[in-house]
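Here is the file coords_14.txt (compact mmCIF, C-alpha atoms and all ligand atoms).
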```txt
# COMPACT_ATOMS: atom_id res chain seq x y z
CA MET A 182 127.42 -140.79 -42.92
CA ASP A 183 129.35 -137.95 -44.55
CA SER A 184 129.32 -138.39 -48.30
CA PRO A 185 132.61 -138.42 -50.27
CA THR A 186 131.13 -135.91 -52.73
CA THR A 187 129.50 -132.59 -51.92
CA ILE A 188 125.81 -131.89 -52.44
CA HIS A 189 126.26 -128.21 -51.54
CA VAL A 190 125.41 -125.75 -54.31
CA PRO A 191 127.35 -122.49 -53.90
CA ILE A 192 125.20 -119.36 -53.61
CA LEU A 193 125.62 -116.13 -55.59
CA LEU A 194 128.65 -117.61 -57.31
CA ALA A 195 128.97 -115.05 -60.14
CA PRO A 196 128.92 -111.81 -58.11
CA ILE A 197 131.27 -113.26 -55.50
CA THR A 198 133.78 -114.58 -58.01
CA GLU A 199 133.76 -111.34 -59.95
CA ALA A 200 134.10 -109.06 -56.93
CA LEU A 201 136.84 -111.01 -55.17
CA THR A 202 139.04 -111.75 -58.17
CA LEU A 203 138.94 -108.24 -59.68
CA PRO A 204 141.75 -106.74 -57.52
CA LEU A 205 144.02 -109.66 -58.55
CA LEU A 206 143.43 -110.05 -62.29
CA GLU A 207 146.19 -107.58 -63.24
CA ARG A 208 148.45 -108.09 -60.25
CA ALA A 209 151.82 -109.65 -61.17
CA GLU A 210 152.93 -110.63 -57.65
CA PRO A 211 151.24 -113.71 -56.13
CA ALA A 212 148.52 -113.19 -53.53
CA TRP A 213 145.84 -115.11 -51.63
CA ILE A 214 142.10 -115.05 -51.22
CA LEU A 215 140.87 -116.51 -47.90
CA ASP A 216 137.75 -118.61 -48.16
CA CYS A 217 136.84 -118.63 -44.46
CA THR A 218 133.96 -121.07 -45.00
CA PHE A 219 135.34 -123.68 -47.40
CA GLY A 220 132.38 -126.12 -47.06
CA GLY A 221 131.92 -128.07 -50.30
CA GLY A 222 134.61 -125.90 -51.93
CA GLY A 223 132.21 -124.48 -54.55
CA HIS A 224 133.26 -120.85 -54.16
CA THR A 225 136.93 -121.80 -53.81
CA LYS A 226 136.81 -123.79 -57.04
CA ALA A 227 135.24 -120.91 -58.98
CA LEU A 228 137.81 -118.48 -57.54
CA LEU A 229 140.71 -120.77 -58.50
CA ASP A 230 139.28 -121.23 -61.99
CA ARG A 231 139.08 -117.48 -62.52
CA LEU A 232 142.30 -116.32 -60.84
CA PRO A 233 145.55 -116.15 -62.80
CA LYS A 234 147.62 -119.24 -61.97
CA HIS A 235 150.14 -117.48 -59.71
CA HIS A 236 147.40 -116.58 -57.17
CA GLY A 237 145.80 -119.03 -54.77
CA VAL A 238 143.13 -119.66 -52.14
CA VAL A 239 143.45 -120.56 -48.47
CA GLY A 240 140.38 -122.64 -47.59
CA ILE A 241 139.39 -122.59 -43.94
CA ASP A 242 136.79 -124.74 -42.20
CA GLN A 243 136.16 -126.03 -38.71
CA ASP A 244 134.85 -129.24 -40.14
CA GLU A 245 137.57 -131.77 -40.89
CA VAL A 246 135.25 -133.81 -43.14
CA ALA A 247 134.69 -130.80 -45.43
CA LEU A 248 138.44 -130.26 -45.80
CA LEU A 249 139.19 -133.93 -46.50
CA ARG A 250 136.52 -133.92 -49.17
CA GLY A 251 137.92 -130.67 -50.64
CA LYS A 252 141.44 -132.07 -50.74
CA LYS A 253 140.17 -134.88 -52.99
CA ARG A 254 137.85 -132.72 -55.08
CA LEU A 255 140.50 -130.08 -55.78
CA SER A 256 143.50 -132.42 -55.68
CA ASP A 257 145.41 -130.75 -58.54
CA ASP A 258 145.25 -127.29 -56.97
CA PHE A 259 146.12 -128.77 -53.56
CA ALA A 260 149.12 -130.61 -54.99
CA SER A 261 150.38 -127.51 -56.83
CA GLY A 262 150.10 -125.33 -53.71
CA ARG A 263 147.47 -123.00 -55.21
CA LEU A 264 145.08 -124.33 -52.57
CA LYS A 265 145.93 -124.51 -48.88
CA LEU A 266 143.51 -125.98 -46.37
CA LEU A 267 143.36 -125.06 -42.68
CA GLN A 268 141.15 -126.62 -40.03
CA THR A 269 140.34 -123.86 -37.57
CA ARG A 270 137.62 -121.43 -36.51
CA PHE A 271 137.95 -118.47 -38.86
CA GLY A 272 137.39 -116.12 -35.91
CA ASP A 273 140.80 -117.14 -34.53
CA LEU A 274 142.68 -115.90 -37.60
CA ASP A 275 144.13 -112.58 -36.52
CA PRO A 276 147.14 -111.47 -38.63
CA GLU A 277 149.71 -112.94 -36.25
CA THR A 278 148.06 -116.39 -36.26
CA LEU A 279 147.49 -116.46 -40.01
CA ALA A 280 150.90 -115.13 -41.13
CA PRO A 281 152.81 -118.47 -40.87
CA HIS A 282 150.33 -120.00 -43.38
CA LEU A 283 150.71 -117.31 -46.05
CA ASP A 284 154.31 -117.88 -47.25
CA GLY A 285 154.82 -114.11 -47.16
CA LYS A 286 152.07 -113.43 -49.73
CA PRO A 287 149.42 -110.76 -49.11
CA VAL A 288 145.65 -111.31 -48.79
CA TYR A 289 143.48 -109.47 -51.31
CA GLY A 290 140.14 -111.14 -50.70
CA ILE A 291 138.17 -112.63 -47.80
CA LEU A 292 134.95 -114.60 -48.20
CA ALA A 293 132.58 -115.77 -45.46
CA ASP A 294 129.50 -117.74 -46.53
CA LEU A 295 128.08 -118.18 -43.05
CA GLY A 296 126.35 -121.10 -41.38
CA PHE A 297 126.16 -124.71 -42.46
CA SER A 298 126.60 -126.45 -45.80
CA SER A 299 123.93 -128.72 -47.28
CA ASP A 300 126.33 -131.62 -46.62
CA GLN A 301 126.12 -130.84 -42.90
CA LEU A 302 122.38 -130.01 -42.83
CA GLU A 303 121.47 -133.24 -44.59
CA ASP A 304 123.64 -135.40 -42.34
CA PRO A 305 121.36 -136.65 -39.53
CA GLU A 306 124.37 -137.55 -37.37
CA ARG A 307 125.17 -133.86 -36.95
CA GLY A 308 121.75 -133.20 -35.42
CA ILE A 309 121.30 -129.75 -36.96
CA SER A 310 117.93 -130.12 -38.60
CA PHE A 311 114.64 -131.31 -37.13
CA MET A 312 113.78 -132.56 -40.61
CA ARG A 313 116.29 -135.41 -40.10
CA ASP A 314 116.21 -137.35 -36.85
CA GLY A 315 119.61 -137.58 -35.19
CA PRO A 316 121.46 -136.87 -31.94
CA LEU A 317 120.81 -133.33 -30.65
CA ASP A 318 124.38 -132.16 -31.31
CA MET A 319 124.63 -129.22 -33.79
CA ARG A 320 128.41 -128.64 -33.53
CA LEU A 321 130.38 -127.78 -36.67
CA ASN A 322 133.39 -129.39 -35.04
CA ARG A 323 132.31 -132.34 -32.94
CA GLU A 324 135.59 -132.28 -31.01
CA ASP A 325 135.01 -128.74 -29.76
CA GLY A 326 132.72 -127.48 -26.99
CA LEU A 327 129.35 -128.72 -25.73
CA SER A 328 126.67 -130.28 -27.92
CA ALA A 329 123.17 -128.74 -27.86
CA TYR A 330 122.00 -131.63 -25.65
CA GLU A 331 124.86 -131.14 -23.18
CA PHE A 332 124.09 -127.42 -23.03
CA LEU A 333 120.37 -128.04 -22.36
CA LYS A 334 121.26 -130.61 -19.71
CA SER A 335 123.43 -128.21 -17.72
CA ALA A 336 122.15 -124.64 -18.31
CA SER A 337 119.71 -122.78 -16.04
CA GLU A 338 116.13 -122.17 -17.19
CA LYS A 339 116.88 -118.43 -17.51
CA GLU A 340 120.02 -119.06 -19.59
CA ILE A 341 118.07 -121.33 -21.96
CA ALA A 342 115.22 -118.81 -22.28
CA ASP A 343 117.62 -115.90 -22.90
CA ILE A 344 119.48 -117.76 -25.64
CA ILE A 345 116.28 -118.83 -27.39
CA TYR A 346 115.02 -115.26 -27.23
CA GLU A 347 118.22 -113.52 -28.26
CA PHE A 348 119.45 -115.88 -31.00
CA GLY A 349 116.09 -117.23 -32.16
CA GLU A 350 113.92 -114.14 -31.64
CA GLU A 351 111.37 -116.61 -30.26
CA HIS A 352 108.60 -114.84 -28.33
CA HIS A 353 107.69 -118.01 -26.45
CA SER A 354 111.27 -118.54 -25.25
CA ARG A 355 110.27 -118.73 -21.57
CA ARG A 356 107.67 -121.41 -22.21
CA VAL A 357 110.12 -123.44 -24.29
CA ALA A 358 112.74 -123.17 -21.52
CA ARG A 359 110.15 -124.20 -18.91
CA PHE A 360 109.13 -127.26 -20.94
CA VAL A 361 112.82 -128.19 -21.40
CA CYS A 362 113.51 -127.91 -17.66
CA GLU A 363 110.35 -129.81 -16.71
CA ALA A 364 111.32 -132.65 -19.04
CA ARG A 365 114.86 -132.53 -17.65
CA SER A 366 113.72 -132.77 -14.02
CA LYS A 367 111.74 -135.91 -14.91
CA GLY A 368 114.81 -137.39 -16.63
CA GLU A 369 113.00 -137.05 -19.98
CA LEU A 370 115.06 -134.42 -21.81
CA PRO A 371 115.10 -135.61 -25.45
CA SER A 372 118.54 -136.39 -26.79
CA ARG A 373 117.35 -136.66 -30.41
CA THR A 374 116.29 -133.88 -32.78
CA ALA A 375 112.84 -135.23 -33.69
CA ALA A 376 111.77 -135.73 -30.07
CA PHE A 377 113.20 -132.33 -29.10
CA ALA A 378 111.32 -130.64 -31.97
CA ALA A 379 108.12 -132.30 -30.74
CA LEU A 380 108.75 -130.97 -27.22
CA VAL A 381 109.22 -127.41 -28.57
CA GLU A 382 106.04 -127.79 -30.63
CA ARG A 383 104.12 -128.70 -27.45
CA ALA A 384 105.56 -125.63 -25.70
CA ILE A 385 104.46 -123.17 -28.40
CA PRO A 386 100.80 -122.17 -27.97
CA GLY A 387 98.72 -123.90 -30.63
CA GLY A 388 101.84 -125.84 -31.72
CA GLY A 389 102.73 -122.92 -34.00
CA LYS A 390 99.84 -123.82 -36.35
CA GLY A 391 99.13 -121.04 -38.82
CA SER A 392 102.79 -119.92 -38.91
CA ARG A 393 104.69 -120.38 -42.16
CA ILE A 394 107.64 -121.91 -40.34
CA HIS A 395 107.79 -125.01 -38.11
CA ALA A 396 107.30 -124.30 -34.39
CA ALA A 397 110.85 -125.48 -33.62
CA THR A 398 112.63 -123.41 -36.31
CA ARG A 399 113.57 -120.46 -34.09
CA THR A 400 114.67 -122.64 -31.16
CA PHE A 401 116.87 -124.77 -33.43
CA GLN A 402 118.42 -121.62 -34.94
CA ALA A 403 119.14 -120.24 -31.46
CA LEU A 404 120.80 -123.43 -30.21
CA ARG A 405 122.87 -123.73 -33.37
CA ILE A 406 124.11 -120.14 -33.04
CA HIS A 407 124.88 -120.61 -29.35
CA VAL A 408 126.60 -123.99 -29.61
CA ASN A 409 128.91 -122.75 -32.40
CA GLY A 410 129.46 -119.21 -31.08
CA GLU A 411 128.35 -118.03 -34.53
CA LEU A 412 127.88 -114.34 -33.69
CA ARG A 413 131.16 -114.17 -31.78
CA GLU A 414 132.87 -115.70 -34.84
CA LEU A 415 131.27 -113.09 -37.09
CA ASP A 416 132.31 -110.27 -34.75
CA ASN A 417 135.89 -111.56 -34.82
CA LEU A 418 135.78 -111.76 -38.61
CA LEU A 419 134.63 -108.16 -38.80
CA GLY A 420 137.18 -107.15 -36.14
CA SER A 421 140.57 -108.82 -36.21
CA VAL A 422 140.29 -111.11 -39.27
CA ILE A 423 139.72 -108.26 -41.73
CA MET A 424 143.02 -106.77 -40.57
CA ASN A 425 144.63 -109.43 -42.81
CA LEU A 426 143.24 -107.66 -45.87
CA GLU A 427 145.50 -105.40 -47.94
CA VAL A 428 144.36 -101.92 -48.94
CA GLY A 429 142.30 -102.36 -52.13
CA GLY A 430 141.37 -105.92 -51.13
CA ARG A 431 137.76 -107.01 -50.74
CA LEU A 432 135.60 -108.68 -48.12
CA ALA A 433 132.40 -110.53 -49.11
CA VAL A 434 129.96 -111.85 -46.51
CA ILE A 435 126.84 -113.92 -47.19
CA SER A 436 124.48 -114.00 -44.22
CA PHE A 437 121.29 -115.96 -43.78
CA HIS A 438 119.38 -114.18 -41.04
CA SER A 439 118.86 -110.67 -39.79
CA LEU A 440 121.04 -111.04 -36.67
CA GLU A 441 124.03 -111.60 -38.97
CA ASP A 442 123.16 -109.13 -41.72
CA ARG A 443 122.57 -106.33 -39.18
CA ARG A 444 126.07 -106.82 -37.77
CA VAL A 445 127.69 -106.80 -41.21
CA LYS A 446 125.74 -103.73 -42.32
CA GLN A 447 126.63 -101.78 -39.15
CA LYS A 448 130.29 -102.69 -39.33
CA PHE A 449 130.54 -101.69 -42.99
CA LYS A 450 128.99 -98.35 -42.06
CA SER A 451 130.97 -97.64 -38.89
CA GLU A 452 134.45 -98.88 -39.85
CA ASP A 453 136.51 -96.06 -41.37
CA SER A 454 138.90 -98.47 -43.07
CA LEU A 455 136.06 -100.18 -45.02
CA SER A 456 133.80 -98.90 -47.75
CA GLU A 457 130.75 -100.91 -48.76
CA LEU A 458 130.54 -101.54 -52.51
CA THR A 459 127.01 -102.96 -52.32
CA LYS A 460 124.60 -100.14 -51.51
CA LYS A 461 121.90 -102.75 -50.98
CA PRO A 462 122.66 -106.41 -50.22
CA ILE A 463 122.77 -108.63 -53.32
CA GLU A 464 120.14 -111.38 -53.26
CA ALA A 465 119.59 -114.46 -55.43
CA ASP A 466 117.39 -114.00 -58.48
CA GLU A 467 114.20 -115.97 -59.12
CA SER A 468 115.91 -118.74 -61.05
CA GLU A 469 118.60 -119.29 -58.39
CA MET A 470 115.93 -119.31 -55.67
CA ALA A 471 113.89 -121.86 -57.63
CA SER A 472 116.85 -124.17 -58.22
CA ASN A 473 118.47 -123.70 -54.79
CA PRO A 474 115.91 -122.93 -52.04
CA ARG A 475 118.72 -122.28 -49.53
CA SER A 476 119.57 -119.13 -51.47
CA ARG A 477 116.21 -117.55 -50.59
CA SER A 478 117.37 -115.96 -47.38
CA ALA A 479 120.94 -115.14 -48.53
CA LYS A 480 122.17 -111.55 -48.39
CA LEU A 481 125.58 -110.68 -49.83
CA ARG A 482 127.46 -107.53 -48.83
CA ILE A 483 130.86 -106.61 -50.23
CA ALA A 484 133.30 -104.00 -48.93
CA THR A 485 136.77 -102.85 -49.89
CA ARG A 486 139.59 -101.91 -47.54
CA LEU A 487 140.47 -98.24 -47.88
CA ARG A 488 143.44 -97.95 -45.54
C1 LIG A 501 127.53 -122.37 -46.09
S1 LIG A 501 128.87 -123.44 -45.93
C2 LIG A 501 129.99 -122.83 -47.12
C3 LIG A 501 129.82 -123.43 -48.49
C4 LIG A 501 130.89 -123.03 -49.47
N1 LIG A 501 130.93 -121.61 -49.71
C5 LIG A 501 130.74 -123.77 -50.80
O1 LIG A 501 130.60 -123.12 -51.84
O2 LIG A 501 130.73 -125.00 -50.81
C6 LIG A 501 129.63 -122.90 -44.45
C7 LIG A 501 130.87 -123.69 -44.05
O3 LIG A 501 131.59 -122.88 -43.14
C8 LIG A 501 132.01 -123.62 -42.04
N2 LIG A 501 132.02 -122.69 -40.91
C9 LIG A 501 130.98 -122.02 -40.39
N3 LIG A 501 131.39 -121.24 -39.38
C10 LIG A 501 132.73 -121.43 -39.26
C11 LIG A 501 133.73 -120.89 -38.41
N4 LIG A 501 133.44 -120.00 -37.48
N5 LIG A 501 135.01 -121.26 -38.59
C12 LIG A 501 135.33 -122.17 -39.57
N6 LIG A 501 134.42 -122.73 -40.39
C13 LIG A 501 133.14 -122.36 -40.25
C14 LIG A 501 131.00 -124.73 -41.91
O4 LIG A 501 131.60 -125.86 -41.29
C15 LIG A 501 130.59 -124.99 -43.36
O5 LIG A 501 131.35 -126.02 -43.92
```
Would it be possible to restate this file's structure as structure tokens?
Amino acid sequence: MDSPTTIHVPILLAPITEALTLPLLERAEPAWILDCTFGGGGHTKALLDRLPKHHGVVGIDQDEVALLRGKKRLSDDFASGRLKLLQTRFGDLDPETLAPHLDGKPVYGILADLGFSSDQLEDPERGISFMRDGPLDMRLNREDGLSAYEFLKSASEKEIADIIYEFGEEHHSRRVARFVCEARSKGELPSRTAAFAALVERAIPGGGKGSRIHAATRTFQALRIHVNGELRELDNLLGSVIMNLEVGGRLAVISFHSLEDRRVKQKFKSEDSLSELTKKPIEADESEMASNPRSRSAKLRIATRLR
């Protein structure tokens, strides 16, 4: 069941709030910040608290449950129009598509805190984590596209192996794909996360013993990225979505694995219209890592639009 309150703790709240609100603190004309990954609304709330009252936030999420929860949690800002909520993939928000939602006001900040919220990870019905048994689904929006189980049921062995290798950087991808297809041909493909994790564990030589991560971690990451088109979404964000940003506006991206951070770093370097403000990615400090373990792998990069 999705809880009516959020359990998600926003990561790197202070540097994000400071960096994204700065271009707007002295600006007299109203403007927006886009929170492309609204989630539990933690970053949005801090941005709204810090921004002068005539500015607002457009909160975007694919997950309807997150937006319904946010509408209740931030009901005053929603009622006053300082907060708008849009259910869509952020990667679809090129300037033409977004314009009708902006009431003619410019965008001076874009935030993307990638991946899943704790509300989603802890919900067994979403089937994201092998720590919680649930249907092998993994979709952010359960109305959109194939679930992980449906993908594994229909894809070729090579396709499955390639995805596990490319998006999970799993060296035993071929063995995992073979085990999946063998189980499938016997009509025994697991449709639940715990049983699927056990199958992956059997496929990994030695069951992954001696590794600091669970044997199924990389395969679960790969399926999650594939099912949700996560890298395509990030590429669109760094391509057409940033075209919404005004000159002098800022883009902040928190990534959680190297496949994402590499893309952000390269784009910030190669794109003439962007200048990276963070020479090295900002990471959580010891106390944040201790109180919020999810922050351990977070890397924040911030850029400003030059022209
Ligand atoms: C890490 S959480 C964000 C947490 C949020 N910053 C907070 O403070 O509560 C990521 C959220 O982004 C959403 N999301 C991820 N990829 C998305 C995409 N491509 N389009 C729209 N929403 C997406 C997820 O559904 C999830 O709710």
Query - Expected selection as a ChimeraX atom specification for ligand LIG 501 (chain A) within 6 Å, only C-alpha atoms and all ligand atoms - result: /A:189,191,218-224,241-244,269-272,294-298,321,414
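Omitting range 448-456 of chain A and its sequence neighbours fewer than 5 positions away, and counting only C-alpha atoms, the residues within 12 Å are Leu415, Asp416, Asn417, Leu418, Leu419, Gly420, Ile423, Met424, Leu426, Glu427, Val428, Gly429, Gly430, Arg431, Leu432, Ala433, Val434, Glu441, Asp442, Arg443, Lys461, Pro462, Arg482, Ile483, Ala484, Thr485, Arg486, Leu487 and Arg488 of chain A.
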Report summary line: Atom pair CA of Leu370 in chain A + CA of Asp343 in chain A, distance 18.7 Å
Query - Counting only C-alpha atoms, the residue of A:Glu245, A:Asp284, A:Asp304, A:Glu369 that sits nearest Arg323 in chain A - result: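 For Arg323 in chain A, the nearest of the given residues is A:Glu245.
Picture a line from CA of Ser335 in chain A to CA of Ala384 in chain A; it runs 19.7 Å.
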Query raised in the report: Which residues come within 10 Å of Ser439 in chain A, counting all atoms listed in the file, excluding same-chain residues fewer than 4 positions away, as a PyMOL selection string?
Result: chain A and resi 443-445+478+480
Report summary line: The distance between CA of Arg393 in chain A and CA of His353 in chain A is 16.2 Å
Query - Which of A:Glu210, A:Arg359, A:Arg254, A:His352 sits closest to Pro287 in chain A [using only C-alpha atoms] - result: A:Glu210
Give me range 383-417 of chain A with N, CA and C atoms filled in, as a PDB file, in the coordinates of the input.
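Written output follows (result-v2.pdb):
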```pdb
ATOM      1  N   ARG A 383     105.112-128.660 -28.543  1.00  0.00           N
ATOM      2  CA  ARG A 383     104.120-128.700 -27.450  1.00  0.00           C
ATOM      3  C   ARG A 383     104.185-127.419 -26.617  1.00  0.00           C
ATOM      4  N   ALA A 384     105.399-126.829 -26.532  1.00  0.00           N
ATOM      5  CA  ALA A 384     105.560-125.630 -25.700  1.00  0.00           C
ATOM      6  C   ALA A 384     104.970-124.382 -26.363  1.00  0.00           C
ATOM      7  N   ILE A 385     104.942-124.357 -27.672  1.00  0.00           N
ATOM      8  CA  ILE A 385     104.460-123.170 -28.400  1.00  0.00           C
ATOM      9  C   ILE A 385     102.934-123.210 -28.435  1.00  0.00           C
ATOM     10  N   PRO A 386     102.269-122.139 -27.976  1.00  0.00           N
ATOM     11  CA  PRO A 386     100.800-122.170 -27.970  1.00  0.00           C
ATOM     12  C   PRO A 386     100.243-122.521 -29.343  1.00  0.00           C
ATOM     13  N   GLY A 387      99.341-123.461 -29.375  1.00  0.00           N
ATOM     14  CA  GLY A 387      98.720-123.900 -30.630  1.00  0.00           C
ATOM     15  C   GLY A 387      99.680-124.699 -31.500  1.00  0.00           C
ATOM     16  N   GLY A 388     100.864-125.043 -30.954  1.00  0.00           N
ATOM     17  CA  GLY A 388     101.840-125.840 -31.720  1.00  0.00           C
ATOM     18  C   GLY A 388     102.374-125.085 -32.931  1.00  0.00           C
ATOM     19  N   GLY A 389     102.216-123.732 -32.898  1.00  0.00           N
ATOM     20  CA  GLY A 389     102.730-122.920 -34.000  1.00  0.00           C
ATOM     21  C   GLY A 389     101.899-123.049 -35.270  1.00  0.00           C
ATOM     22  N   LYS A 390     100.690-123.640 -35.152  1.00  0.00           N
ATOM     23  CA  LYS A 390      99.840-123.820 -36.350  1.00  0.00           C
ATOM     24  C   LYS A 390      99.494-122.423 -36.904  1.00  0.00           C
ATOM     25  N   GLY A 391      99.485-122.325 -38.210  1.00  0.00           N
ATOM     26  CA  GLY A 391      99.130-121.040 -38.820  1.00  0.00           C
ATOM     27  C   GLY A 391     100.377-120.231 -39.148  1.00  0.00           C
ATOM     28  N   SER A 392     101.560-120.628 -38.572  1.00  0.00           N
ATOM     29  CA  SER A 392     102.790-119.920 -38.910  1.00  0.00           C
ATOM     30  C   SER A 392     103.385-120.572 -40.153  1.00  0.00           C
ATOM     31  N   ARG A 393     104.165-119.771 -40.939  1.00  0.00           N
ATOM     32  CA  ARG A 393     104.690-120.380 -42.160  1.00  0.00           C
ATOM     33  C   ARG A 393     105.951-121.203 -41.882  1.00  0.00           C
ATOM     34  N   ILE A 394     106.477-121.070 -40.666  1.00  0.00           N
ATOM     35  CA  ILE A 394     107.640-121.910 -40.340  1.00  0.00           C
ATOM     36  C   ILE A 394     107.276-122.901 -39.234  1.00  0.00           C
ATOM     37  N   HIS A 395     108.031-123.984 -39.142  1.00  0.00           N
ATOM     38  CA  HIS A 395     107.790-125.010 -38.110  1.00  0.00           C
ATOM     39  C   HIS A 395     108.012-124.378 -36.730  1.00  0.00           C
ATOM     40  N   ALA A 396     107.231-124.858 -35.747  1.00  0.00           N
ATOM     41  CA  ALA A 396     107.300-124.300 -34.390  1.00  0.00           C
ATOM     42  C   ALA A 396     108.710-124.359 -33.796  1.00  0.00           C
ATOM     43  N   ALA A 397     109.518-125.322 -34.234  1.00  0.00           N
ATOM     44  CA  ALA A 397     110.850-125.480 -33.620  1.00  0.00           C
ATOM     45  C   ALA A 397     111.942-124.702 -34.361  1.00  0.00           C
ATOM     46  N   THR A 398     111.606-124.044 -35.470  1.00  0.00           N
ATOM     47  CA  THR A 398     112.630-123.410 -36.310  1.00  0.00           C
ATOM     48  C   THR A 398     113.484-122.413 -35.511  1.00  0.00           C
ATOM     49  N   ARG A 399     112.815-121.518 -34.788  1.00  0.00           N
ATOM     50  CA  ARG A 399     113.570-120.460 -34.090  1.00  0.00           C
ATOM     51  C   ARG A 399     114.428-121.036 -32.961  1.00  0.00           C
ATOM     52  N   THR A 400     113.898-122.027 -32.265  1.00  0.00           N
ATOM     53  CA  THR A 400     114.670-122.640 -31.160  1.00  0.00           C
ATOM     54  C   THR A 400     115.890-123.365 -31.716  1.00  0.00           C
ATOM     55  N   PHE A 401     115.721-124.078 -32.826  1.00  0.00           N
ATOM     56  CA  PHE A 401     116.870-124.770 -33.430  1.00  0.00           C
ATOM     57  C   PHE A 401     117.918-123.749 -33.894  1.00  0.00           C
ATOM     58  N   GLN A 402     117.467-122.647 -34.499  1.00  0.00           N
ATOM     59  CA  GLN A 402     118.420-121.620 -34.940  1.00  0.00           C
ATOM     60  C   GLN A 402     119.218-121.095 -33.743  1.00  0.00           C
ATOM     61  N   ALA A 403     118.489-120.812 -32.645  1.00  0.00           N
ATOM     62  CA  ALA A 403     119.140-120.240 -31.460  1.00  0.00           C
ATOM     63  C   ALA A 403     120.196-121.189 -30.902  1.00  0.00           C
ATOM     64  N   LEU A 404     119.852-122.466 -30.797  1.00  0.00           N
ATOM     65  CA  LEU A 404     120.800-123.430 -30.210  1.00  0.00           C
ATOM     66  C   LEU A 404     122.031-123.595 -31.103  1.00  0.00           C
ATOM     67  N   ARG A 405     121.788-123.597 -32.407  1.00  0.00           N
ATOM     68  CA  ARG A 405     122.870-123.730 -33.370  1.00  0.00           C
ATOM     69  C   ARG A 405     123.843-122.541 -33.242  1.00  0.00           C
ATOM     70  N   ILE A 406     123.273-121.336 -33.147  1.00  0.00           N
ATOM     71  CA  ILE A 406     124.110-120.140 -33.040  1.00  0.00           C
ATOM     72  C   ILE A 406     124.900-120.178 -31.733  1.00  0.00           C
ATOM     73  N   HIS A 407     124.216-120.587 -30.649  1.00  0.00           N
ATOM     74  CA  HIS A 407     124.880-120.610 -29.350  1.00  0.00           C
ATOM     75  C   HIS A 407     126.000-121.654 -29.308  1.00  0.00           C
ATOM     76  N   VAL A 408     125.654-122.879 -29.714  1.00  0.00           N
ATOM     77  CA  VAL A 408     126.600-123.990 -29.610  1.00  0.00           C
ATOM     78  C   VAL A 408     127.890-123.693 -30.411  1.00  0.00           C
ATOM     79  N   ASN A 409     127.746-123.021 -31.539  1.00  0.00           N
ATOM     80  CA  ASN A 409     128.910-122.750 -32.400  1.00  0.00           C
ATOM     81  C   ASN A 409     129.483-121.349 -32.224  1.00  0.00           C
ATOM     82  N   GLY A 410     128.948-120.583 -31.293  1.00  0.00           N
ATOM     83  CA  GLY A 410     129.460-119.210 -31.080  1.00  0.00           C
ATOM     84  C   GLY A 410     129.417-118.413 -32.377  1.00  0.00           C
ATOM     85  N   GLU A 411     128.350-118.582 -33.169  1.00  0.00           N
ATOM     86  CA  GLU A 411     128.350-118.030 -34.530  1.00  0.00           C
ATOM     87  C   GLU A 411     128.464-116.499 -34.562  1.00  0.00           C
ATOM     88  N   LEU A 412     127.822-115.811 -33.621  1.00  0.00           N
ATOM     89  CA  LEU A 412     127.880-114.340 -33.690  1.00  0.00           C
ATOM     90  C   LEU A 412     129.233-113.828 -33.198  1.00  0.00           C
ATOM     91  N   ARG A 413     129.819-114.548 -32.248  1.00  0.00           N
ATOM     92  CA  ARG A 413     131.160-114.170 -31.780  1.00  0.00           C
ATOM     93  C   ARG A 413     132.156-114.360 -32.936  1.00  0.00           C
ATOM     94  N   GLU A 414     131.995-115.458 -33.681  1.00  0.00           N
ATOM     95  CA  GLU A 414     132.870-115.700 -34.840  1.00  0.00           C
ATOM     96  C   GLU A 414     132.743-114.575 -35.865  1.00  0.00           C
ATOM     97  N   LEU A 415     131.490-114.164 -36.112  1.00  0.00           N
ATOM     98  CA  LEU A 415     131.270-113.090 -37.090  1.00  0.00           C
ATOM     99  C   LEU A 415     131.881-111.780 -36.586  1.00  0.00           C
ATOM    100  N   ASP A 416     131.715-111.501 -35.301  1.00  0.00           N
ATOM    101  CA  ASP A 416     132.310-110.270 -34.750  1.00  0.00           C
ATOM    102  C   ASP A 416     133.831-110.299 -34.890  1.00  0.00           C
ATOM    103  N   ASN A 417     134.431-111.460 -34.665  1.00  0.00           N
ATOM    104  CA  ASN A 417     135.890-111.560 -34.820  1.00  0.00           C
ATOM    105  C   ASN A 417     136.302-111.366 -36.279  1.00  0.00           C
TER     106      ASN A 417
END
```
